[in-house]
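Participant: The structure file entry03.cif (mmCIF, C-alpha atoms and all ligand atoms) is provided below.
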data_coords
loop_
_atom_site.label_atom_id
_atom_site.label_comp_id
_atom_site.auth_asym_id
_atom_site.auth_seq_id
_atom_site.Cartn_x
_atom_site.Cartn_y
_atom_site.Cartn_z
CA MET A 24 0.00 0.00 0.00
CA ASN A 25 1.51 3.38 -0.89
CA VAL A 26 1.65 6.41 1.37
CA PHE A 27 -1.20 8.14 -0.40
CA THR A 28 -3.58 5.18 -0.01
CA LYS A 29 -2.59 4.96 3.65
CA LEU A 30 -3.40 8.65 4.16
CA VAL A 31 -6.75 8.32 2.44
CA LEU A 32 -7.57 5.25 4.53
CA LYS A 33 -6.43 6.96 7.74
CA SER A 34 -8.57 10.01 7.04
CA SER A 35 -11.61 7.92 6.20
CA ILE A 36 -11.18 6.07 9.50
CA LEU A 37 -10.97 9.41 11.30
CA CYS A 38 -14.05 10.70 9.47
CA ALA A 39 -15.99 7.55 10.36
CA GLY A 40 -15.01 8.19 13.98
CA LEU A 41 -16.23 11.78 13.74
CA LEU A 42 -19.74 10.66 12.90
CA ALA A 43 -20.03 8.85 16.22
CA LEU A 44 -17.96 11.03 18.55
CA PRO A 45 -16.06 14.33 18.52
CA LEU A 46 -12.48 13.72 17.35
CA GLY A 47 -10.33 12.26 20.12
CA ALA A 48 -13.19 12.02 22.61
CA GLU A 49 -13.12 8.90 24.71
CA PRO A 50 -16.15 6.61 24.67
CA ALA A 51 -17.91 6.73 28.05
CA ALA A 52 -17.68 2.95 28.40
CA LEU A 53 -13.87 3.01 27.93
CA GLN A 54 -13.47 3.45 31.70
CA THR A 55 -14.66 -0.12 32.20
CA CYS A 56 -12.01 -1.54 29.84
CA ILE A 57 -8.80 0.27 30.77
CA SER A 58 -7.96 -1.76 33.87
CA CYS A 59 -7.25 -4.74 31.59
CA HIS A 60 -6.73 -3.38 28.05
CA GLY A 61 -5.40 0.12 28.79
CA LYS A 62 -6.55 3.16 26.86
CA ASP A 63 -4.23 2.21 24.03
CA GLY A 64 -5.39 -1.43 23.83
CA VAL A 65 -2.21 -3.00 25.17
CA GLY A 66 -3.31 -5.85 27.44
CA ILE A 67 -1.87 -5.68 30.96
CA SER A 68 -1.54 -9.47 30.98
CA ALA A 69 -0.32 -11.79 28.20
CA GLU A 70 -3.66 -13.66 28.22
CA TYR A 71 -5.58 -10.44 27.49
CA ALA A 72 -5.75 -9.60 23.83
CA ASN A 73 -4.02 -6.56 22.40
CA LEU A 74 -6.78 -4.46 20.86
CA GLY A 75 -4.98 -1.34 19.57
CA GLY A 76 -5.06 -1.19 15.76
CA GLN A 77 -7.17 -4.36 15.46
CA HIS A 78 -9.79 -4.31 12.68
CA GLU A 79 -12.80 -2.26 13.74
CA ALA A 80 -15.50 -4.54 12.30
CA TYR A 81 -13.83 -7.58 13.88
CA LEU A 82 -13.72 -5.91 17.33
CA ALA A 83 -17.41 -5.02 17.12
CA LEU A 84 -18.32 -8.58 16.08
CA GLN A 85 -16.43 -10.02 19.07
CA LEU A 86 -18.10 -7.65 21.53
CA HIS A 87 -21.50 -8.68 20.18
CA ALA A 88 -20.48 -12.36 20.48
CA PHE A 89 -19.33 -11.88 24.10
CA ARG A 90 -22.55 -10.01 24.91
CA SER A 91 -24.79 -12.73 23.45
CA GLY A 92 -22.67 -15.47 25.06
CA GLU A 93 -21.88 -17.04 21.69
CA ARG A 94 -18.17 -16.51 22.49
CA LYS A 95 -17.48 -17.74 26.01
CA ASN A 96 -15.12 -16.11 28.47
CA ALA A 97 -16.28 -15.51 32.04
CA VAL A 98 -14.59 -12.11 32.33
CA MET A 99 -15.53 -10.73 28.92
CA ASN A 100 -19.11 -12.06 29.01
CA GLY A 101 -19.55 -9.98 32.17
CA MET A 102 -17.84 -6.91 30.71
CA ALA A 103 -19.90 -6.96 27.50
CA ALA A 104 -23.26 -7.62 29.17
CA ALA A 105 -23.86 -3.96 29.98
CA LEU A 106 -22.73 -2.51 26.64
CA SER A 107 -25.27 -0.93 24.30
CA ASP A 108 -24.92 -1.21 20.52
CA ALA A 109 -23.67 2.39 20.48
CA ASP A 110 -21.04 1.60 23.17
CA ILE A 111 -19.81 -1.31 21.06
CA GLU A 112 -19.48 0.87 17.96
CA GLU A 113 -17.61 3.58 19.85
CA LEU A 114 -15.26 1.16 21.63
CA ALA A 115 -14.45 -0.72 18.42
CA ALA A 116 -13.68 2.57 16.66
CA TRP A 117 -11.55 3.79 19.60
CA TYR A 118 -9.35 0.71 19.86
CA ALA A 119 -9.04 0.30 16.09
CA ALA A 120 -7.62 3.83 15.91
CA GLN A 121 -4.83 3.11 18.45
CA GLU A 122 -1.40 1.86 17.48
CA TRP A 123 -0.82 -1.85 16.84
CA ILE A 124 2.17 -3.31 18.66
CA THR A 125 4.24 -6.45 18.05
CA ALA A 126 4.04 -8.37 21.34
CA ASP A 127 6.79 -10.86 20.45
CA ASN A 128 6.26 -12.77 23.73
CA GLY A 129 6.36 -16.34 22.46
CA ASP A 130 8.96 -19.11 22.68
CA ALA A 131 11.77 -18.23 20.25
CA SER A 132 12.74 -21.88 19.82
CA ARG A 133 9.31 -22.60 18.31
CA VAL A 134 9.22 -19.82 15.70
CA GLU A 135 10.61 -21.89 12.83
CA LEU A 136 8.32 -24.85 13.55
CA GLY A 137 5.37 -22.47 13.62
CA GLN A 138 6.39 -20.82 10.38
CA ASN A 139 6.64 -24.21 8.68
CA SER A 140 3.03 -25.01 9.57
CA ALA A 141 1.56 -21.56 8.84
CA GLY A 142 1.10 -22.12 5.11
CA TYR A 143 -2.58 -22.92 5.53
CA CYS A 144 -3.19 -19.76 7.57
CA HIS A 145 -1.95 -17.39 4.87
CA ALA A 146 -5.02 -17.96 2.71
CA CYS A 147 -7.22 -16.10 5.17
CA HIS A 148 -4.91 -14.20 7.55
CA GLY A 149 -2.61 -12.93 4.79
CA MET A 150 1.10 -13.57 4.23
CA GLN A 151 1.95 -11.20 7.11
CA GLY A 152 -0.85 -12.16 9.49
CA HIS A 153 -2.97 -9.26 8.27
CA PRO A 154 -6.17 -10.29 6.49
CA VAL A 155 -7.88 -8.08 3.94
CA ALA A 156 -11.36 -8.50 5.41
CA ASN A 157 -12.22 -5.98 8.14
CA GLU A 158 -14.32 -8.67 9.87
CA TRP A 159 -11.29 -10.95 10.27
CA PRO A 160 -8.57 -10.42 12.89
CA VAL A 161 -4.99 -9.30 12.49
CA ILE A 162 -2.94 -12.03 14.20
CA ALA A 163 0.59 -10.79 13.38
CA GLY A 164 2.17 -9.50 16.59
CA GLN A 165 -0.74 -10.53 18.85
CA SER A 166 0.23 -11.82 22.30
CA ALA A 167 1.36 -15.48 22.10
CA PRO A 168 -0.47 -16.89 25.17
CA TYR A 169 -3.65 -15.18 23.95
CA LEU A 170 -3.27 -16.65 20.43
CA GLU A 171 -2.66 -20.11 21.85
CA ASN A 172 -5.76 -19.84 24.08
CA GLN A 173 -7.90 -18.88 21.09
CA LEU A 174 -6.75 -21.83 18.99
CA ALA A 175 -7.52 -24.11 21.94
CA GLY A 176 -10.89 -22.36 22.36
CA PHE A 177 -11.89 -23.03 18.75
CA LYS A 178 -10.99 -26.67 19.34
CA ASN A 179 -12.82 -27.09 22.69
CA GLY A 180 -15.89 -25.18 21.50
CA SER A 181 -15.76 -22.16 23.85
CA ARG A 182 -15.43 -20.19 20.63
CA TYR A 183 -17.04 -20.99 17.30
CA HIS A 184 -16.48 -19.87 13.74
CA PRO A 185 -17.18 -22.21 10.83
CA LEU A 186 -13.87 -21.39 9.12
CA MET A 187 -11.63 -21.72 12.20
CA VAL A 188 -13.28 -24.91 13.42
CA ASN A 189 -11.98 -26.74 10.38
CA VAL A 190 -8.54 -25.18 10.77
CA VAL A 191 -7.96 -26.39 14.35
CA LYS A 192 -9.46 -29.86 13.91
CA ASN A 193 -6.06 -31.46 13.35
CA LEU A 194 -3.89 -29.09 15.40
CA SER A 195 -2.21 -30.57 18.48
CA PRO A 196 -1.51 -28.40 21.56
CA GLU A 197 2.17 -28.39 20.52
CA ALA A 198 1.30 -27.17 17.03
CA MET A 199 -0.81 -24.37 18.58
CA LYS A 200 2.14 -23.27 20.73
CA ASN A 201 4.39 -23.23 17.66
CA LEU A 202 1.93 -21.19 15.60
CA ALA A 203 1.39 -18.71 18.45
CA SER A 204 5.16 -18.30 18.88
CA TYR A 205 5.52 -17.68 15.15
CA TYR A 206 2.69 -15.18 14.71
CA THR A 207 3.50 -13.09 17.80
CA GLN A 208 6.86 -12.06 16.31
CA VAL A 209 5.60 -11.31 12.79
CA THR A 210 5.61 -7.59 12.09
CA ARG A 211 2.28 -6.59 10.65
CA ALA A 212 2.44 -5.32 7.07
CA ASP A 213 -0.69 -3.47 5.92
C1 LIG A 301 -10.96 -7.76 34.02
C2 LIG A 301 -10.22 -7.72 32.77
C3 LIG A 301 -10.94 -7.25 31.51
C4 LIG A 301 -11.70 -6.11 31.33
C5 LIG A 301 -12.06 -5.06 32.38
C6 LIG A 301 -12.06 -6.08 29.93
N1 LIG A 301 -11.52 -7.16 29.26
FE1 LIG A 301 -11.63 -7.54 27.26
N2 LIG A 301 -10.59 -9.26 27.52
C7 LIG A 301 -10.17 -9.76 28.74
C8 LIG A 301 -9.67 -11.12 28.56
C9 LIG A 301 -9.12 -12.03 29.65
C10 LIG A 301 -9.80 -11.41 27.18
C11 LIG A 301 -9.46 -12.74 26.47
C12 LIG A 301 -10.74 -13.54 26.35
C13 LIG A 301 -10.53 -14.87 25.70
O1 LIG A 301 -9.51 -15.51 25.93
O2 LIG A 301 -11.44 -15.26 24.93
C14 LIG A 301 -10.38 -10.23 26.56
C15 LIG A 301 -10.68 -10.14 25.20
C16 LIG A 301 -11.28 -9.04 24.61
C17 LIG A 301 -11.59 -8.93 23.19
C18 LIG A 301 -11.31 -9.97 22.11
C19 LIG A 301 -10.14 -9.58 21.25
C20 LIG A 301 -9.93 -10.45 20.05
O3 LIG A 301 -8.86 -10.32 19.42
O4 LIG A 301 -10.81 -11.24 19.70
C21 LIG A 301 -12.18 -7.71 23.01
C22 LIG A 301 -12.67 -7.13 21.70
C23 LIG A 301 -12.23 -7.06 24.30
N3 LIG A 301 -11.68 -7.89 25.26
C24 LIG A 301 -12.76 -5.79 24.53
C25 LIG A 301 -12.97 -5.25 25.79
C26 LIG A 301 -13.69 -4.00 26.01
C27 LIG A 301 -14.23 -3.10 24.92
C28 LIG A 301 -13.76 -3.82 27.38
C29 LIG A 301 -14.50 -2.74 28.12
C30 LIG A 301 -15.93 -2.70 27.91
C31 LIG A 301 -13.05 -4.94 27.99
N4 LIG A 301 -12.61 -5.79 26.99
C32 LIG A 301 -12.85 -5.11 29.35
C33 LIG A 301 -10.16 -9.09 29.94
C34 LIG A 301 -10.84 -7.90 30.20
C1 LIG A 302 -10.58 -20.26 5.85
C2 LIG A 302 -10.13 -19.03 6.49
C3 LIG A 302 -9.17 -19.16 7.68
C4 LIG A 302 -8.04 -19.93 7.77
C5 LIG A 302 -7.44 -20.86 6.73
C6 LIG A 302 -7.46 -19.62 9.07
N1 LIG A 302 -8.23 -18.71 9.74
FE1 LIG A 302 -7.91 -18.04 11.63
N2 LIG A 302 -9.64 -16.96 11.57
C7 LIG A 302 -10.49 -16.89 10.48
C8 LIG A 302 -11.65 -16.09 10.84
C9 LIG A 302 -12.81 -15.75 9.92
C10 LIG A 302 -11.46 -15.68 12.18
C11 LIG A 302 -12.42 -14.84 13.04
C12 LIG A 302 -13.26 -15.78 13.87
C13 LIG A 302 -14.32 -15.10 14.68
O1 LIG A 302 -14.92 -14.12 14.23
O2 LIG A 302 -14.54 -15.57 15.82
C14 LIG A 302 -10.19 -16.25 12.61
C15 LIG A 302 -9.66 -16.09 13.89
C16 LIG A 302 -8.43 -16.56 14.28
C17 LIG A 302 -7.83 -16.33 15.58
C18 LIG A 302 -8.41 -15.51 16.72
C19 LIG A 302 -7.72 -14.16 16.75
C20 LIG A 302 -8.17 -13.24 17.86
O3 LIG A 302 -7.81 -12.07 17.84
O4 LIG A 302 -8.88 -13.70 18.77
C21 LIG A 302 -6.61 -16.95 15.57
C22 LIG A 302 -5.60 -17.00 16.70
C23 LIG A 302 -6.45 -17.57 14.28
N3 LIG A 302 -7.58 -17.32 13.51
C24 LIG A 302 -5.33 -18.27 13.89
C25 LIG A 302 -5.23 -19.00 12.69
C26 LIG A 302 -4.11 -19.86 12.36
C27 LIG A 302 -2.85 -20.04 13.23
C28 LIG A 302 -4.37 -20.43 11.15
C29 LIG A 302 -3.57 -21.48 10.41
C30 LIG A 302 -3.28 -22.71 11.14
C31 LIG A 302 -5.67 -19.89 10.72
N4 LIG A 302 -6.15 -19.04 11.68
C32 LIG A 302 -6.29 -20.21 9.53
C33 LIG A 302 -10.29 -17.48 9.25
C34 LIG A 302 -9.29 -18.40 8.92
#
In structure tokens, what does this structure look like?
Ligand code: HEC
Ligand code: HEC
Facilitator:
Amino acid sequence: MNVFTKLVLKSSILCAGLLALPLGAEPAALQTCISCHGKDGVGISAEYANLGGQHEAYLALQLHAFRSGERKNAVMNGMAAALSDADIEELAAWYAAQEWITADNGDASRVELGQNSAGYCHACHGMQGHPVANEWPVIAGQSAPYLENQLAGFKNGSRYHPLMVNVVKNLSPEAMKNLASYYTQVTRAD
């Protein structure tokens, strides 16, 4: 993507934000998130997802799924229960506009093994862990323990998506660790 396209995209994201909230204004509900995700979306624990710079439509979909209970996590089901549709829109826009970081907190000795088994992931998550679809998550640079938990969650059914269910069917816990260690150190390329 060239610099011009990036600028156009950035400004359209800002404009979309303007429709909901004055520029830079914090969503009221943000106060309930910062103890775990910070204002900038950097999780205070490795098991908490990093949210800053994540795709906006994906974030909104996950908050709806936590609220309805379709995606199961005791903490997040509780957090999302009180959110209105407008809160969800504002929070997704806020975190999507923050900077994405590369957590790089996996096991370095597993990176190569993970890379060797990531071929199948590229089709949907992109060559650099950054999918084209706004509804699909960026996984490059995400926290390794969080990534590993999600793969396990798709396998044990606490989380469901028709596409990911097929992906994890044949993944062993070791393979999940390897993939998480690989993706956490990939630098996102937009
Ligand atoms: C007490 C800690 C805590 C608080 C407060 C909290 N979260 Fe979370 N959040 C978590 C944990 C833990 C996870 C990982 C859940 C899992 O493993 O499925 C998570 C995951 C998420 C995800 C999923 C990210 C992804 O990549 O799929 C989103 C989105 C999210 N939180 C948004 C929020 C928002 C918005 C708020 C405020 C309304 C909030 N959280 C408040 C702990 C918290
Ligand atoms: C056929 C398309 C497809 C393939 C192939 C695929 N994914 Fe996914 N992946 C998705 C979609 C769609 C989601 C969003 C699921 C949701 O909304 O809950 C997702 C979500 C995830 C998540 C959750 C991220 C988060 O922030 O919570 C992880 C981790 C993940 N994929 C890893 C992988 C890995 C590793 C591979 C390769 C072994 C892979 N995926 C292959 C489509 C795919």
Participant: Place a sphere of radius 12 Å on (-13.0, -23.6, 21.1) in the file coordinates and name every protein, DNA or RNA residue with an atom inside or on its surface, counting only C-alpha atoms; give the answer as a PDB file with C-alpha atoms, in the coordinates of the input.
Facilitator:
ATOM      1  CA  GLU A  93     -21.880 -17.040  21.690  1.00  0.00           C
ATOM      2  CA  ARG A  94     -18.170 -16.510  22.490  1.00  0.00           C
ATOM      3  CA  LYS A  95     -17.480 -17.740  26.010  1.00  0.00           C
ATOM      4  CA  ASN A  96     -15.120 -16.110  28.470  1.00  0.00           C
ATOM      5  CA  LEU A 170      -3.270 -16.650  20.430  1.00  0.00           C
ATOM      6  CA  GLU A 171      -2.660 -20.110  21.850  1.00  0.00           C
ATOM      7  CA  ASN A 172      -5.760 -19.840  24.080  1.00  0.00           C
ATOM      8  CA  GLN A 173      -7.900 -18.880  21.090  1.00  0.00           C
ATOM      9  CA  LEU A 174      -6.750 -21.830  18.990  1.00  0.00           C
ATOM     10  CA  ALA A 175      -7.520 -24.110  21.940  1.00  0.00           C
ATOM     11  CA  GLY A 176     -10.890 -22.360  22.360  1.00  0.00           C
ATOM     12  CA  PHE A 177     -11.890 -23.030  18.750  1.00  0.00           C
ATOM     13  CA  LYS A 178     -10.990 -26.670  19.340  1.00  0.00           C
ATOM     14  CA  ASN A 179     -12.820 -27.090  22.690  1.00  0.00           C
ATOM     15  CA  GLY A 180     -15.890 -25.180  21.500  1.00  0.00           C
ATOM     16  CA  SER A 181     -15.760 -22.160  23.850  1.00  0.00           C
ATOM     17  CA  ARG A 182     -15.430 -20.190  20.630  1.00  0.00           C
ATOM     18  CA  TYR A 183     -17.040 -20.990  17.300  1.00  0.00           C
ATOM     19  CA  HIS A 184     -16.480 -19.870  13.740  1.00  0.00           C
ATOM     20  CA  PRO A 185     -17.180 -22.210  10.830  1.00  0.00           C
ATOM     21  CA  MET A 187     -11.630 -21.720  12.200  1.00  0.00           C
ATOM     22  CA  VAL A 188     -13.280 -24.910  13.420  1.00  0.00           C
ATOM     23  CA  ASN A 189     -11.980 -26.740  10.380  1.00  0.00           C
ATOM     24  CA  VAL A 190      -8.540 -25.180  10.770  1.00  0.00           C
ATOM     25  CA  VAL A 191      -7.960 -26.390  14.350  1.00  0.00           C
ATOM     26  CA  LYS A 192      -9.460 -29.860  13.910  1.00  0.00           C
TER      27      LYS A 192
END
Participant: Per residue of chain A within 9 Å of ligand LIG 301 (chain A), which atom pair is closest and at what distance in Å (one decimal), using all atoms listed in the file, listed by chain and increasing number, as a Markdown table?
Facilitator:
| residue | atom | partner | partner_atom | distance |
| --- | --- | --- | --- | --- |
| A:Ala52 | CA | A:LIG301 | C30 | 5.9 |
| A:Leu53 | CA | A:LIG301 | C29 | 5.8 |
| A:Gln54 | CA | A:LIG301 | C29 | 7.2 |
| A:Thr55 | CA | A:LIG301 | C29 | 4.9 |
| A:Cys56 | CA | A:LIG301 | C29 | 3.3 |
| A:Ile57 | CA | A:LIG301 | C5 | 6.5 |
| A:Ser58 | CA | A:LIG301 | C5 | 5.5 |
| A:Cys59 | CA | A:LIG301 | C2 | 4.4 |
| A:His60 | CA | A:LIG301 | N1 | 6.2 |
| A:Gly64 | CA | A:LIG301 | C24 | 8.6 |
| A:Gly66 | CA | A:LIG301 | C33 | 8.0 |
| A:Ile67 | CA | A:LIG301 | C2 | 8.8 |
| A:Ser68 | CA | A:LIG301 | C9 | 8.1 |
| A:Ala69 | CA | A:LIG301 | C9 | 8.9 |
| A:Glu70 | CA | A:LIG301 | C9 | 5.9 |
| A:Tyr71 | CA | A:LIG301 | C8 | 4.3 |
| A:Ala72 | CA | A:LIG301 | C19 | 5.1 |
| A:Asn73 | CA | A:LIG301 | O3 | 6.8 |
| A:Leu74 | CA | A:LIG301 | C19 | 6.1 |
| A:Gln77 | CA | A:LIG301 | O3 | 7.4 |
| A:Tyr81 | CA | A:LIG301 | O4 | 7.5 |
| A:Leu82 | CA | A:LIG301 | C22 | 4.7 |
| A:Ala83 | CA | A:LIG301 | C22 | 6.9 |
| A:Leu84 | CA | A:LIG301 | C22 | 8.1 |
| A:Gln85 | CA | A:LIG301 | C22 | 5.4 |
| A:Leu86 | CA | A:LIG301 | C22 | 5.5 |
| A:Phe89 | CA | A:LIG301 | C17 | 8.3 |
| A:Arg94 | CA | A:LIG301 | O2 | 7.3 |
| A:Lys95 | CA | A:LIG301 | O2 | 6.6 |
| A:Asn96 | CA | A:LIG301 | O2 | 5.2 |
| A:Ala97 | CA | A:LIG301 | C12 | 8.2 |
| A:Val98 | CA | A:LIG301 | C33 | 5.9 |
| A:Met99 | CA | A:LIG301 | FE1 | 5.3 |
| A:Asn100 | CA | A:LIG301 | C12 | 8.9 |
| A:Gly101 | CA | A:LIG301 | C6 | 8.7 |
| A:Met102 | CA | A:LIG301 | C30 | 5.4 |
| A:Ala103 | CA | A:LIG301 | C30 | 5.8 |
| A:Ala104 | CA | A:LIG301 | C30 | 8.9 |
| A:Ala105 | CA | A:LIG301 | C30 | 8.3 |
| A:Leu106 | CA | A:LIG301 | C30 | 6.9 |
| A:Asp110 | CA | A:LIG301 | C30 | 8.2 |
| A:Ile111 | CA | A:LIG301 | C27 | 7.0 |
| A:Leu114 | CA | A:LIG301 | C27 | 5.5 |
| A:Ala115 | CA | A:LIG301 | C27 | 6.9 |
| A:Tyr118 | CA | A:LIG301 | C27 | 8.0 |
| A:Pro160 | CA | A:LIG301 | O3 | 6.5 |
| A:Val161 | CA | A:LIG301 | O3 | 8.0 |
| A:Ile162 | CA | A:LIG301 | O3 | 8.1 |
| A:Gln165 | CA | A:LIG301 | O3 | 8.1 |
| A:Tyr169 | CA | A:LIG301 | O1 | 6.2 |
| A:Leu170 | CA | A:LIG301 | O1 | 8.4 |
| A:Asn172 | CA | A:LIG301 | O1 | 6.0 |
| A:Gln173 | CA | A:LIG301 | O1 | 6.1 |
| A:Gly176 | CA | A:LIG301 | O2 | 7.6 |
| A:Ser181 | CA | A:LIG301 | O2 | 8.2 |
| A:Arg182 | CA | A:LIG301 | O2 | 7.7 |
Participant: Considering only C-alpha atoms and all ligand atoms, can you say which of A:Met199, A:Val155, A:Cys144, A:Ala163 comes closest to ligand LIG 302 (chain A)?
Facilitator: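 Using only C-alpha atoms and all ligand atoms, the shortest distance to ligand LIG 302 (chain A) belongs to A:Cys144.
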Participant: If you measure from CA of Asp108 in chain A to CA of Ser91 in chain A, what distance in Å do you get, rounded to one decimal?
Facilitator: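 Distance reported for this atom pair: 11.9 Å.
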Participant: So how far away is CA of Ala141 in chain A from CA of Ala198 in chain A, in Å?
Facilitator: 9.9 Å
Participant: Padding 6 Å on each side, edges along x, y and z: where is the centre of the box around the listed atoms of ligand LIG 302 (chain A), and how long are its edges in Å to one decimal? Output it as lines of an AutoDock Vina configuration file.
Facilitator:
center_x = -8.9
center_y = -17.4
center_z = 12.3
size_x = 24.1
size_y = 22.6
size_z = 24.9
Participant: Which of these residues is nearest to Met150 in chain A, using only C-alpha atoms: A:Ser107, A:Trp117, A:Asn193, A:Gln138?
Facilitator: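 With only C-alpha atoms as the atom set, the closest residue is A:Gln138.
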Participant: Just to confirm, what's the straight-line distance from atom C23 of ligand LIG 302 (chain A) to CA of Asp63 in chain A in Å (one decimal)?
Facilitator: 22.2 Å
Participant: For Ser132 in chain A, which residue among A:Lys200, A:Lys62, A:Arg211, A:Arg90 is the nearest when counting all atoms listed in the file?
Facilitator: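 Comparing A:Lys200, A:Lys62, A:Arg211, A:Arg90 against Ser132 in chain A, the winner is A:Lys200.
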Participant: Let me make sure I understand: among A:Gly137, A:Gly152, A:Pro50, A:Gly129, which one has the smallest atom-to-atom distance to Ser166 in chain A if we use only C-alpha atoms?
Facilitator: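 Nearest to Ser166 in chain A: A:Gly129.
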Participant: Counting only C-alpha atoms, which of A:Gly61, A:Ala48, A:Ala203, A:Ala119 gets nearest to Arg133 in chain A?
Facilitator: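 Closest to Arg133 in chain A, using only C-alpha atoms: A:Ala203.
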